[in-house]
$ cat upload-v6.txt   # compact mmCIF, C-alpha atoms (C1' of nucleotides)
# COMPACT_ATOMS: atom_id res chain seq x y z
CA MET L 1 0.00 0.00 0.00
CA ALA L 2 2.84 2.35 0.81
CA GLN L 3 4.27 1.61 -2.60
CA ALA L 4 0.94 2.47 -4.15
CA VAL L 5 0.97 5.78 -2.31
CA HIS L 6 4.49 6.38 -3.54
CA ARG L 7 3.60 5.66 -7.17
CA LEU L 8 0.52 7.85 -7.09
CA ILE L 9 2.25 10.86 -5.56
CA ALA L 10 5.31 10.45 -7.76
CA HIS L 11 3.16 10.42 -10.86
CA ASP L 12 0.30 12.79 -10.09
CA GLY L 13 1.03 14.63 -6.87
CA LEU L 14 -0.19 14.41 -3.31
CA ASP L 15 -3.79 15.13 -4.20
CA ALA L 16 -3.88 12.02 -6.37
CA ALA L 17 -3.29 9.82 -3.33
CA THR L 18 -6.95 9.44 -2.38
CA MET L 19 -8.20 6.43 -0.50
CA ALA L 20 -9.97 5.09 -3.55
CA ALA L 21 -6.96 5.65 -5.81
CA VAL L 22 -4.58 3.98 -3.36
CA ALA L 23 -6.90 1.00 -3.04
CA ARG L 24 -7.22 0.67 -6.81
CA GLU L 25 -3.47 1.07 -7.35
CA ALA L 26 -2.70 -1.53 -4.71
CA GLY L 27 -5.36 -3.91 -6.01
CA PHE L 28 -7.37 -3.85 -2.79
CA SER L 29 -10.67 -2.45 -1.69
CA VAL L 30 -11.12 0.81 0.15
CA GLY L 31 -12.30 -1.11 3.18
CA LEU L 32 -9.04 -3.01 3.44
CA VAL L 33 -6.96 0.13 3.39
CA GLN L 34 -9.15 1.38 6.21
CA HIS L 35 -8.59 -1.88 8.02
CA TYR L 36 -4.86 -1.27 8.22
CA PHE L 37 -4.87 2.50 8.57
CA LYS L 38 -7.38 4.27 10.77
CA SER L 39 -7.20 7.44 8.74
CA LYS L 40 -5.74 8.77 5.54
CA ASP L 41 -3.21 10.81 7.48
CA GLU L 42 -1.92 7.68 9.13
CA LEU L 43 -1.51 6.00 5.77
CA LEU L 44 0.35 8.93 4.27
CA LEU L 45 2.59 9.32 7.29
CA PHE L 46 3.48 5.64 7.14
CA ALA L 47 4.35 5.93 3.48
CA TYR L 48 6.46 9.01 4.15
CA LYS L 49 8.38 7.34 6.95
CA ARG L 50 9.03 4.37 4.72
CA ILE L 51 10.46 6.58 2.00
CA THR L 52 12.79 8.49 4.28
CA ALA L 53 13.93 5.24 5.86
CA ASP L 54 14.65 3.85 2.40
CA LEU L 55 16.68 6.88 1.54
CA LEU L 56 18.75 6.82 4.71
CA GLY L 57 19.24 3.10 4.21
CA ARG L 58 20.59 3.65 0.72
CA VAL L 59 23.00 6.28 1.97
CA ALA L 60 24.18 3.95 4.71
CA ARG L 61 24.67 1.15 2.19
CA ILE L 62 26.70 3.38 -0.11
CA THR L 63 28.83 4.49 2.81
CA ALA L 64 29.47 0.93 3.90
CA GLU L 65 30.34 -0.27 0.40
CA SER L 66 32.64 2.67 -0.25
CA GLU L 67 34.36 2.20 3.04
CA ALA L 68 34.92 -1.45 2.24
CA ALA L 69 36.41 -0.40 -1.09
CA GLY L 70 38.87 1.80 0.77
CA ARG L 71 37.81 5.08 -0.76
CA SER L 72 38.53 8.45 0.77
CA ILE L 73 36.01 10.32 2.88
CA ARG L 74 35.58 12.84 0.10
CA GLU L 75 34.72 10.18 -2.45
CA ILE L 76 32.26 8.54 -0.10
CA MET L 77 30.54 11.83 0.62
CA LEU L 78 30.31 12.69 -3.04
CA ASP L 79 28.63 9.38 -3.78
CA CYS L 80 26.16 9.92 -0.95
CA LEU L 81 25.30 13.44 -2.03
CA VAL L 82 24.88 12.48 -5.67
CA GLU L 83 22.55 9.72 -4.55
CA LEU L 84 20.22 12.44 -3.27
CA LEU L 85 19.91 14.11 -6.67
CA PRO L 86 16.93 13.31 -8.90
CA LEU L 87 19.02 12.03 -11.79
CA ASP L 88 16.86 9.15 -12.94
CA PRO L 89 13.09 8.60 -13.08
CA GLU L 90 13.11 6.59 -9.88
CA ARG L 91 14.85 9.25 -7.85
CA ARG L 92 12.81 11.96 -9.54
CA GLY L 93 9.70 10.23 -8.27
CA GLU L 94 11.16 9.88 -4.82
CA TYR L 95 12.13 13.53 -4.83
CA ARG L 96 8.65 14.60 -5.79
CA VAL L 97 7.11 12.54 -3.02
CA SER L 98 9.47 13.99 -0.43
CA ARG L 99 8.78 17.50 -1.64
CA ALA L 100 5.05 16.90 -1.51
CA PHE L 101 5.29 15.91 2.14
CA GLN L 102 7.58 18.80 2.97
CA THR L 103 5.03 21.17 1.51
CA ARG L 104 2.44 19.56 3.72
CA ALA L 105 4.69 19.71 6.76
CA PRO L 106 3.74 23.15 8.11
CA ASP L 107 0.23 21.86 8.85
CA ASP L 108 1.31 18.41 9.99
CA PRO L 109 3.68 18.36 12.96
CA THR L 110 4.42 14.66 12.69
CA ALA L 111 5.40 14.94 9.03
CA ALA L 112 7.48 17.98 9.88
CA ALA L 113 9.24 15.98 12.56
CA VAL L 114 10.14 13.25 10.07
CA ALA L 115 11.54 15.83 7.66
CA VAL L 116 13.56 17.59 10.33
CA GLU L 117 14.86 14.31 11.66
CA THR L 118 16.11 12.94 8.35
CA SER L 119 17.64 16.25 7.41
CA ALA L 120 19.41 16.48 10.77
CA HIS L 121 20.56 12.87 10.48
CA LEU L 122 22.11 13.49 7.10
CA ARG L 123 23.74 16.70 8.25
CA GLY L 124 25.11 14.97 11.30
CA LYS L 125 26.68 12.21 9.23
CA LEU L 126 28.35 14.76 7.00
CA ALA L 127 29.61 16.78 9.95
CA GLN L 128 31.00 13.63 11.51
CA GLY L 129 32.79 12.71 8.32
CA ILE L 130 34.33 16.15 8.04
CA GLU L 131 35.37 16.02 11.66
CA ASN L 132 36.92 12.60 11.17
CA GLY L 133 38.89 14.04 8.29
CA LYS L 134 40.75 16.27 10.70
CA GLU L 135 42.30 13.33 12.48
CA CYS L 136 44.08 12.14 9.37
CA GLY L 137 44.73 15.44 7.65
CA GLU L 138 42.00 15.23 5.05
CA THR L 139 40.19 18.24 6.54
CA GLU L 140 41.80 21.57 7.34
CA PRO L 141 42.00 21.71 11.16
CA ASP L 142 40.19 25.04 11.51
CA THR L 143 37.13 23.97 9.49
CA ASP L 144 33.74 24.39 11.19
CA ALA L 145 32.38 20.92 10.51
CA SER L 146 28.74 21.62 11.26
CA LEU L 147 28.77 24.78 9.18
CA ALA L 148 30.37 22.95 6.28
CA ALA L 149 27.83 20.15 6.62
CA LEU L 150 25.01 22.67 6.55
CA GLU L 151 26.44 24.19 3.41
CA LEU L 152 26.67 20.81 1.73
CA THR L 153 23.14 19.73 2.60
CA ALA L 154 21.73 23.08 1.53
CA LEU L 155 23.71 22.91 -1.68
CA VAL L 156 22.53 19.43 -2.53
CA ASP L 157 18.94 20.38 -1.70
CA GLY L 158 19.10 23.39 -3.97
CA LEU L 159 20.77 21.46 -6.75
CA ALA L 160 18.15 18.76 -6.48
CA ASP L 161 15.51 21.43 -6.81
CA HIS L 162 17.17 22.81 -9.88
CA LEU L 163 17.69 19.41 -11.48
CA TYR L 164 14.09 18.51 -10.89
CA ARG L 165 12.90 21.64 -12.66
CA ALA L 166 15.48 21.41 -15.42
CA PRO L 167 16.60 17.84 -16.08
CA GLY L 168 19.27 17.03 -18.59
CA PRO L 169 22.84 15.76 -18.83
CA ARG L 170 24.36 19.22 -18.91
CA GLU L 171 22.61 20.25 -15.70
CA ALA L 172 23.54 16.95 -14.11
CA THR L 173 27.24 17.30 -14.84
CA ALA L 174 27.16 20.92 -13.67
CA ALA L 175 25.63 19.84 -10.37
CA GLY L 176 28.19 17.07 -10.00
CA ALA L 177 31.02 19.48 -10.72
CA ILE L 178 29.79 21.94 -8.11
CA LEU L 179 29.48 19.26 -5.44
CA ALA L 180 32.86 17.79 -6.27
CA SER L 181 34.47 21.20 -6.18
CA ARG L 182 33.02 22.10 -2.80
CA LEU L 183 33.98 18.74 -1.34
CA GLN L 184 37.48 19.17 -2.69
CA ALA L 185 37.70 22.54 -0.95
CA ILE L 186 36.35 21.23 2.35
CA LEU L 187 38.29 17.94 2.32
CA PRO L 188 41.44 18.72 0.35
CA GLY L 189 43.47 15.80 1.67
CA ALA L 190 43.59 12.30 0.15
CA CYS L 191 43.63 10.17 3.28
CA ARG L 192 42.12 6.67 3.28
CA HIS L 193 40.55 7.04 6.66
CA TYR L 194 38.72 3.74 6.72
CA ALA L 195 41.14 1.68 4.67
CA MET T 196 -7.92 39.12 -4.37
CA ALA T 197 -4.36 38.06 -5.11
CA GLN T 198 -3.41 39.30 -1.66
CA ALA T 199 -6.19 37.20 -0.17
CA VAL T 200 -4.83 34.16 -1.99
CA HIS T 201 -1.38 34.97 -0.68
CA ARG T 202 -2.57 35.29 2.91
CA LEU T 203 -4.55 32.06 2.80
CA ILE T 204 -1.75 29.98 1.31
CA ALA T 205 0.87 31.52 3.58
CA HIS T 206 -1.20 30.72 6.64
CA ASP T 207 -2.88 27.42 5.82
CA GLY T 208 -1.43 26.02 2.63
CA LEU T 209 -2.55 25.74 -0.94
CA ASP T 210 -5.61 23.67 -0.11
CA ALA T 211 -6.96 26.51 2.01
CA ALA T 212 -7.20 28.76 -1.03
CA THR T 213 -10.70 27.70 -2.05
CA MET T 214 -12.97 30.01 -3.98
CA ALA T 215 -15.20 30.55 -0.98
CA ALA T 216 -12.27 31.21 1.34
CA VAL T 217 -10.66 33.65 -1.07
CA ALA T 218 -13.94 35.52 -1.47
CA ARG T 219 -14.44 35.71 2.29
CA GLU T 220 -10.85 36.78 2.91
CA ALA T 221 -11.09 39.49 0.26
CA GLY T 222 -14.50 40.65 1.48
CA PHE T 223 -16.28 39.82 -1.76
CA SER T 224 -18.74 37.25 -2.92
CA VAL T 225 -17.85 34.06 -4.73
CA GLY T 226 -19.63 35.37 -7.80
CA LEU T 227 -17.34 38.38 -8.02
CA VAL T 228 -14.22 36.30 -7.89
CA GLN T 229 -15.68 34.28 -10.75
CA HIS T 230 -16.41 37.51 -12.58
CA TYR T 231 -12.73 38.39 -12.71
CA PHE T 232 -11.25 34.92 -13.02
CA LYS T 233 -12.81 32.30 -15.24
CA SER T 234 -11.45 29.46 -13.18
CA LYS T 235 -9.64 28.80 -9.94
CA ASP T 236 -6.48 27.91 -11.83
CA GLU T 237 -6.50 31.29 -13.47
CA LEU T 238 -6.84 33.01 -10.11
CA LEU T 239 -4.01 31.03 -8.56
CA LEU T 240 -1.74 31.56 -11.53
CA PHE T 241 -2.36 35.28 -11.39
CA ALA T 242 -1.53 35.35 -7.71
CA TYR T 243 1.63 33.34 -8.31
CA LYS T 244 2.79 35.63 -11.08
CA ARG T 245 2.19 38.61 -8.85
CA ILE T 246 4.30 37.13 -6.09
CA THR T 247 7.25 36.30 -8.31
CA ALA T 248 7.06 39.73 -9.89
CA ASP T 249 7.09 41.29 -6.42
CA LEU T 250 10.14 39.28 -5.49
CA LEU T 251 12.07 40.17 -8.61
CA GLY T 252 11.05 43.78 -8.13
CA ARG T 253 12.43 43.79 -4.61
CA VAL T 254 15.70 42.32 -5.79
CA ALA T 255 15.92 44.95 -8.52
CA ARG T 256 15.22 47.70 -6.00
CA ILE T 257 17.90 46.43 -3.63
CA THR T 258 20.36 46.26 -6.49
CA ALA T 259 19.58 49.79 -7.59
CA GLU T 260 19.83 51.21 -4.07
CA SER T 261 23.06 49.42 -3.35
CA GLU T 262 24.55 50.53 -6.62
CA ALA T 263 23.61 54.11 -5.82
CA ALA T 264 25.32 53.72 -2.46
CA GLY T 265 28.48 52.68 -4.25
CA ARG T 266 28.76 49.23 -2.74
CA SER T 267 30.79 46.42 -4.24
CA ILE T 268 29.25 43.71 -6.39
CA ARG T 269 29.79 41.22 -3.63
CA GLU T 270 27.90 43.31 -1.09
CA ILE T 271 25.04 43.87 -3.50
CA MET T 272 24.76 40.18 -4.23
CA LEU T 273 24.82 39.27 -0.59
CA ASP T 274 21.95 41.65 0.10
CA CYS T 275 19.97 40.20 -2.78
CA LEU T 276 20.54 36.62 -1.70
CA VAL T 277 19.69 37.33 1.92
CA GLU T 278 16.49 38.94 0.74
CA LEU T 279 15.45 35.54 -0.58
CA LEU T 280 15.74 33.87 2.81
CA PRO T 281 12.63 33.43 4.98
CA LEU T 282 14.01 35.41 7.91
CA ASP T 283 10.86 37.22 9.00
CA PRO T 284 7.17 36.25 9.04
CA GLU T 285 6.48 38.11 5.83
CA ARG T 286 9.18 36.36 3.86
CA ARG T 287 8.30 33.06 5.52
CA GLY T 288 4.80 33.45 4.18
CA GLU T 289 6.09 34.33 0.76
CA TYR T 290 8.40 31.37 0.81
CA ARG T 291 5.60 29.04 1.71
CA VAL T 292 3.44 30.31 -1.11
CA SER T 293 6.23 29.91 -3.63
CA ARG T 294 6.94 26.41 -2.42
CA ALA T 295 3.28 25.50 -2.64
CA PHE T 296 3.20 26.52 -6.28
CA GLN T 297 6.46 24.75 -7.04
CA THR T 298 4.99 21.57 -5.63
CA ARG T 299 2.04 22.05 -7.92
CA ALA T 300 4.25 22.81 -10.91
CA PRO T 301 4.76 19.27 -12.26
CA ASP T 302 1.05 19.09 -13.07
CA ASP T 303 0.70 22.67 -14.21
CA PRO T 304 2.94 23.66 -17.13
CA THR T 305 2.16 27.36 -16.84
CA ALA T 306 3.08 27.47 -13.17
CA ALA T 307 6.22 25.50 -13.97
CA ALA T 308 7.10 28.05 -16.63
CA VAL T 309 6.81 30.90 -14.12
CA ALA T 310 9.05 29.07 -11.67
CA VAL T 311 11.67 28.25 -14.29
CA GLU T 312 11.60 31.78 -15.61
CA THR T 313 12.12 33.52 -12.28
CA SER T 314 14.82 31.07 -11.28
CA ALA T 315 16.61 31.57 -14.61
CA HIS T 316 16.24 35.33 -14.32
CA LEU T 317 17.85 35.37 -10.90
CA ARG T 318 20.62 33.05 -11.99
CA GLY T 319 21.27 35.21 -15.02
CA LYS T 320 21.58 38.34 -12.92
CA LEU T 321 24.07 36.64 -10.65
CA ALA T 322 26.09 35.31 -13.56
CA GLN T 323 26.16 38.75 -15.11
CA GLY T 324 27.36 40.29 -11.87
CA ILE T 325 30.13 37.72 -11.55
CA GLU T 326 31.11 38.25 -15.15
CA ASN T 327 31.18 42.01 -14.63
CA GLY T 328 33.48 41.44 -11.70
CA LYS T 329 36.13 40.13 -14.06
CA GLU T 330 36.44 43.47 -15.83
CA CYS T 331 37.54 45.23 -12.69
CA GLY T 332 39.40 42.47 -10.93
CA GLU T 333 36.73 41.56 -8.39
CA THR T 334 36.32 38.09 -9.91
CA GLU T 335 39.12 35.65 -10.67
CA PRO T 336 39.45 35.64 -14.48
CA ASP T 337 39.09 31.86 -14.84
CA THR T 338 35.82 31.63 -12.91
CA ASP T 339 32.91 29.94 -14.68
CA ALA T 340 30.28 32.60 -14.04
CA SER T 341 27.22 30.52 -14.87
CA LEU T 342 28.44 27.61 -12.77
CA ALA T 343 29.12 29.92 -9.85
CA ALA T 344 25.70 31.49 -10.27
CA LEU T 345 24.10 28.07 -10.25
CA GLU T 346 25.94 27.22 -7.06
CA LEU T 347 24.78 30.42 -5.39
CA THR T 348 21.13 30.02 -6.34
CA ALA T 349 21.14 26.38 -5.31
CA LEU T 350 22.81 27.30 -2.04
CA VAL T 351 20.33 30.03 -1.23
CA ASP T 352 17.43 27.75 -2.14
CA GLY T 353 18.71 25.03 0.14
CA LEU T 354 19.43 27.45 2.96
CA ALA T 355 15.95 28.91 2.60
CA ASP T 356 14.58 25.40 2.88
CA HIS T 357 16.58 24.78 6.02
CA LEU T 358 15.68 28.11 7.60
CA TYR T 359 12.02 27.51 6.93
CA ARG T 360 12.13 24.16 8.70
CA ALA T 361 14.35 25.39 11.50
CA PRO T 362 13.96 29.11 12.17
CA GLY T 363 16.04 30.89 14.75
CA PRO T 364 18.81 33.46 15.05
CA ARG T 365 21.55 30.85 15.17
CA GLU T 366 20.43 29.25 11.94
CA ALA T 367 20.02 32.66 10.35
CA THR T 368 23.55 33.78 11.17
CA ALA T 369 24.92 30.44 10.01
CA ALA T 370 23.16 30.85 6.67
CA GLY T 371 24.43 34.39 6.34
CA ALA T 372 27.96 33.30 7.14
CA ILE T 373 27.87 30.57 4.52
CA LEU T 374 26.58 32.90 1.84
CA ALA T 375 29.10 35.60 2.73
CA SER T 376 31.92 33.08 2.71
CA ARG T 377 31.00 31.69 -0.71
CA LEU T 378 30.60 35.16 -2.17
CA GLN T 379 33.96 36.15 -0.75
CA ALA T 380 35.51 33.14 -2.46
CA ILE T 381 33.84 33.83 -5.80
CA LEU T 382 34.33 37.60 -5.74
CA PRO T 383 37.50 38.10 -3.69
CA GLY T 384 38.25 41.61 -4.97
CA ALA T 385 36.95 44.85 -3.48
CA CYS T 386 36.21 46.83 -6.62
CA ARG T 387 33.45 49.43 -6.65
CA HIS T 388 32.21 48.49 -10.05
CA TYR T 389 29.21 50.79 -10.16
CA ALA T 390 30.59 53.62 -8.07
C1' DG C 391 -33.15 59.37 -20.20
C1' DG C 392 -32.19 54.94 -21.43
C1' DA C 393 -29.86 51.12 -22.83
C1' DA C 394 -25.75 48.52 -22.64
C1' DT C 395 -22.15 46.89 -20.01
C1' DA C 396 -19.66 46.01 -15.90
C1' DA C 397 -19.80 45.02 -11.00
C1' DC C 398 -21.77 42.19 -7.80
C1' DC C 399 -24.55 38.67 -5.19
C1' DG C 400 -26.87 34.17 -3.54
C1' DT C 401 -27.84 29.75 -4.54
C1' DA C 402 -28.20 25.41 -7.06
C1' DT C 403 -25.77 21.48 -8.93
C1' DG C 404 -22.95 17.74 -9.53
C1' DA C 405 -18.66 15.63 -8.59
C1' DA C 406 -15.09 13.92 -5.39
C1' DC C 407 -13.65 12.80 -1.10
C1' DG C 408 -12.97 10.64 3.82
C1' DT C 409 -15.09 7.89 6.72
C1' DA C 410 -18.67 4.93 9.02
C1' DT C 411 -21.11 0.74 8.77
C1' DG C 412 -22.79 -3.85 7.97
C1' DG C 413 -21.70 -7.85 6.07
C1' DT C 414 -18.81 -11.89 3.98
C1' DT C 415 -14.86 -14.93 3.62
C1' DC C 416 -10.81 -16.84 5.43
C1' DT C 417 -7.79 -18.76 9.13
C1' DG C 418 -6.14 -20.67 13.16
C1' DC C 419 -7.02 -22.88 17.52
C1' DG C 420 -9.20 -25.23 21.62
C1' DC Z 421 -16.57 -29.05 14.79
C1' DG Z 422 -17.23 -24.37 16.32
C1' DC Z 423 -16.05 -19.93 16.79
C1' DA Z 424 -13.34 -15.79 17.42
C1' DG Z 425 -10.84 -12.63 15.12
C1' DA Z 426 -8.51 -11.07 11.16
C1' DA Z 427 -8.88 -10.07 6.30
C1' DC Z 428 -11.68 -8.20 3.09
C1' DC Z 429 -15.51 -5.94 0.52
C1' DA Z 430 -19.46 -2.75 -1.22
C1' DT Z 431 -22.05 0.93 -0.20
C1' DA Z 432 -24.17 4.79 2.13
C1' DC Z 433 -23.55 9.28 4.36
C1' DG Z 434 -22.18 13.88 5.13
C1' DT Z 435 -19.09 17.36 3.73
C1' DT Z 436 -16.58 20.30 0.72
C1' DC Z 437 -15.53 22.19 -3.40
C1' DA Z 438 -15.61 24.41 -8.27
C1' DT Z 439 -18.59 25.91 -11.31
C1' DA Z 440 -23.05 27.36 -13.55
C1' DC Z 441 -26.80 30.32 -13.45
C1' DG Z 442 -30.26 33.89 -12.75
C1' DG Z 443 -30.88 38.05 -10.88
C1' DT Z 444 -29.78 42.94 -8.94
C1' DT Z 445 -27.31 47.24 -8.60
C1' DA Z 446 -24.01 50.57 -10.35
C1' DT Z 447 -21.65 52.92 -14.13
C1' DT Z 448 -20.90 54.63 -18.65
C1' DC Z 449 -21.98 56.38 -22.95
C1' DC Z 450 -25.03 58.09 -26.67
$ encode --input "upload-v6.txt" --output "structure tokens"
Amino acid sequence: MAQAVHRLIAHDGLDAATMAAVAREAGFSVGLVQHYFKSKDELLLFAYKRITADLLGRVARITAESEAAGRSIREIMLDCLVELLPLDPERRGEYRVSRAFQTRAPDDPTAAAVAVETSAHLRGKLAQGIENGKECGETEPDTDASLAALELTALVDGLADHLYRAPGPREATAAGAILASRLQAILPGACRHYA
Amino acid sequence: MAQAVHRLIAHDGLDAATMAAVAREAGFSVGLVQHYFKSKDELLLFAYKRITADLLGRVARITAESEAAGRSIREIMLDCLVELLPLDPERRGEYRVSRAFQTRAPDDPTAAAVAVETSAHLRGKLAQGIENGKECGETEPDTDASLAALELTALVDGLADHLYRAPGPREATAAGAILASRLQAILPGACRHYA
DNA sequence: GGAATAACCGTATGAACGTATGGTTCTGCG
DNA sequence: CGCAGAACCATACGTTCATACGGTTATTCC
């Protein structure tokens, strides 16, 4: 059912995720959806939580794989940040769903909490990575890690926004170049921290 | 009527901008709103266009005033970018309205066009300013102006997003510091181009 | 003055939606 | 078996909304 919600929002926006539409998309009856979710809000919130969990899971998986491959902190971070960009249809859909819920957030404290939490989680991971870089000379010692992390998350958010509005290979490479350049400036070293 | 739409969306989201609510908020009847706008979409699009025009107008005014005051390109740009951040209730409302329409954009080509146009306009102005900086030594000669402009707009978008979710003086100063730092890096000179 | 046009209003209509409800089929267990 | 509870369904109800429509007042122009 959560997948049905995801597909509907990704394709036609939040308003398309009606009870009847979700039931039809999932191949169930309206009554069954009601059986599992007391209200529509509960259903949507569940779907939203699932999506953010998926996203954080993917980032964690990328981190783990890159660490195992012995890549530098900078390379790992770049992979994670690029993963957040809507570069293919799947991630475009995911991005649209997330944005739909963020738009809804001001009226829905629980949805807002999910958004704040995932954003803070991501920012924390970045800050930690930057901080770790100091120990092995990959980061300049006087770098403000949390400020740099905020810059990176804001940058990737804004680039995602731009790429969603204006897709295309040129825009994609421009976004990648900007991220790579900023990461290079923040983590200039070439240490293999996790190797 | 456009102001009524603005107030309603800023306070309660796009769904709150019903015909009846707009009429009540504006002090008119539903019939009168229909008299001036054939459909709800037309009304909303008009309101959206008005808001983006207001925003671009404010940026233009700030630019003109700062130029008259003989400030550097970097200072002018910083003022313009900070103007885009949701730092007070008024701009928070404006930000929410813009975001609401952006969320709606994928299903509404005309709204999408407005969003793309204003974003491109802003990016173009920034790129032009950076390019101008080269002529008087404020910009490094080998800077890619359009890439730098894209970075700045993306950064300010992402920071606006963050500030909207997490308001507060600490977040505001952090965002200002990041913007100032990036501008300093892109436009390191201190030329008074327009003086 | 008088007609045409714009400004303006209240209400009716039909569609879409969330949810409540009553009922049916399946499943596991004592 | 018998039955309790979960899974599952179709439909009815009340609300909300955009829009259509008919009518009334104000303004403008000849």
$ residues_around --input "upload-v6.txt" --residues "Z:DC449" --least-positions-apart "2" --cutoff "10 Å" --atoms "all atoms listed in the file" --output "list in words"
DA393, DA394 and DT395 of chain C; DT447 of chain Z
$ residues_around --input "upload-v6.txt" --residues "L:Phe28" --least-positions-apart "4" --cutoff "12 Å" --atoms "only C-alpha atoms (C1' of nucleotides)" --output "PyMOL selection string"
(chain L and resi 1+4+19-24+32-36) or (chain Z and resi 427-429)
$ closest_residue --input "upload-v6.txt" --among "T:Ala211, T:Ala259, T:Ala221, T:Ala205" --to "chain Z" --atoms "all atoms listed in the file"
T:Ala211
$ interface_residues --input "upload-v6.txt" --of "chain C" --to "chain T" --cutoff "9 Å" --atoms "all atoms listed in the file" --output "list in words"
DA397, DC398, DC399 and DG400 of chain C
$ atom_distance --input "upload-v6.txt" --atom1 "atom CA of L:Ser39" --atom2 "atom CA of L:Gln102"
19.5 Å
$ residues_around --input "upload-v6.txt" --residues "T:Thr247" --least-positions-apart "3" --cutoff "9 Å" --atoms "only C-alpha atoms (C1' of nucleotides)" --output "PyMOL selection string"
chain T and resi 242-244+250-252+293+309-310+313
$ closest_atom_pairs --input "upload-v6.txt" --of "chain Z" --to "chain T" --cutoff "12 Å" --atoms "all atoms listed in the file" --output "Markdown table"
| residue | atom | partner | partner_atom | distance |
| --- | --- | --- | --- | --- |
| Z:DT436 | C1' | T:Thr213 | CA | 9.8 |
| Z:DC437 | C1' | T:Thr213 | CA | 7.5 |
| Z:DA438 | C1' | T:Met214 | CA | 7.5 |
| Z:DT439 | C1' | T:Ser234 | CA | 8.2 |
| Z:DA440 | C1' | T:Gly226 | CA | 10.4 |
| Z:DC441 | C1' | T:Gly226 | CA | 10.4 |
| Z:DG442 | C1' | T:Gly226 | CA | 11.8 |
| Z:DG443 | C1' | T:Gly226 | CA | 12.0 |
$ closest_residue --input "upload-v6.txt" --among "T:Ile381, T:Cys331, T:Ala322, T:Ala295" --to "chain L" --atoms "all atoms listed in the file"
T:Ala295
$ interface_residues --input "upload-v6.txt" --of "chain L" --to "chain T" --cutoff "8 Å" --atoms "all atoms listed in the file" --output "list in words"
Asp12, Gly13, Arg96, Arg99, Ala100, Thr103, Arg104, Asp107, Ala112, Val116, Leu147, Glu151, Thr153, Ala154, Leu155, Val156, Asp157, Gly158, Leu159, Asp161, His162, Arg165, Ala166, Ala174 and Ile178 of chain L
$ atom_distance --input "upload-v6.txt" --atom1 "atom CA of L:Leu126" --atom2 "atom CA of L:Met77"
7.4 Å
$ closest_residue --input "upload-v6.txt" --among "C:DG420, C:DG413, C:DG404, C:DG392" --to "Z:DT448" --atoms "all atoms listed in the file"
C:DG392
$ atom_distance --input "upload-v6.txt" --atom1 "atom CA of T:Phe241" --atom2 "atom CA of T:Asp283"
24.4 Å
$ axis_aligned_box --input "upload-v6.txt" --around "stretch 275-280 of chain T" --padding-each-side "6 Å" --output "AutoDock Vina command-line options"
--center_x 18.0 --center_y 37.0 --center_z 0.0 --size_x 17.1 --size_y 18.3 --size_z 17.6
$ decode --input "upload-v6.txt" --residues "stretch 396-420 of chain C" --atoms "C-alpha atoms (C1' of nucleotides)" --output "PDB file, in the first residue's frame"
ATOM      1  C1'  DA C 396     -19.655  46.015 -15.898  1.00  0.00           C
ATOM      2  C1'  DA C 397     -19.802  45.021 -11.002  1.00  0.00           C
ATOM      3  C1'  DC C 398     -21.770  42.191  -7.801  1.00  0.00           C
ATOM      4  C1'  DC C 399     -24.550  38.674  -5.187  1.00  0.00           C
ATOM      5  C1'  DG C 400     -26.866  34.169  -3.537  1.00  0.00           C
ATOM      6  C1'  DT C 401     -27.840  29.748  -4.538  1.00  0.00           C
ATOM      7  C1'  DA C 402     -28.199  25.408  -7.060  1.00  0.00           C
ATOM      8  C1'  DT C 403     -25.772  21.482  -8.928  1.00  0.00           C
ATOM      9  C1'  DG C 404     -22.949  17.740  -9.527  1.00  0.00           C
ATOM     10  C1'  DA C 405     -18.664  15.630  -8.591  1.00  0.00           C
ATOM     11  C1'  DA C 406     -15.091  13.923  -5.389  1.00  0.00           C
ATOM     12  C1'  DC C 407     -13.651  12.797  -1.097  1.00  0.00           C
ATOM     13  C1'  DG C 408     -12.968  10.645   3.816  1.00  0.00           C
ATOM     14  C1'  DT C 409     -15.090   7.890   6.719  1.00  0.00           C
ATOM     15  C1'  DA C 410     -18.667   4.929   9.016  1.00  0.00           C
ATOM     16  C1'  DT C 411     -21.107   0.735   8.769  1.00  0.00           C
ATOM     17  C1'  DG C 412     -22.787  -3.848   7.971  1.00  0.00           C
ATOM     18  C1'  DG C 413     -21.702  -7.855   6.071  1.00  0.00           C
ATOM     19  C1'  DT C 414     -18.811 -11.893   3.984  1.00  0.00           C
ATOM     20  C1'  DT C 415     -14.865 -14.933   3.619  1.00  0.00           C
ATOM     21  C1'  DC C 416     -10.812 -16.841   5.427  1.00  0.00           C
ATOM     22  C1'  DT C 417      -7.786 -18.757   9.133  1.00  0.00           C
ATOM     23  C1'  DG C 418      -6.135 -20.671  13.162  1.00  0.00           C
ATOM     24  C1'  DC C 419      -7.023 -22.876  17.522  1.00  0.00           C
ATOM     25  C1'  DG C 420      -9.200 -25.230  21.622  1.00  0.00           C
TER      26       DG C 420
END
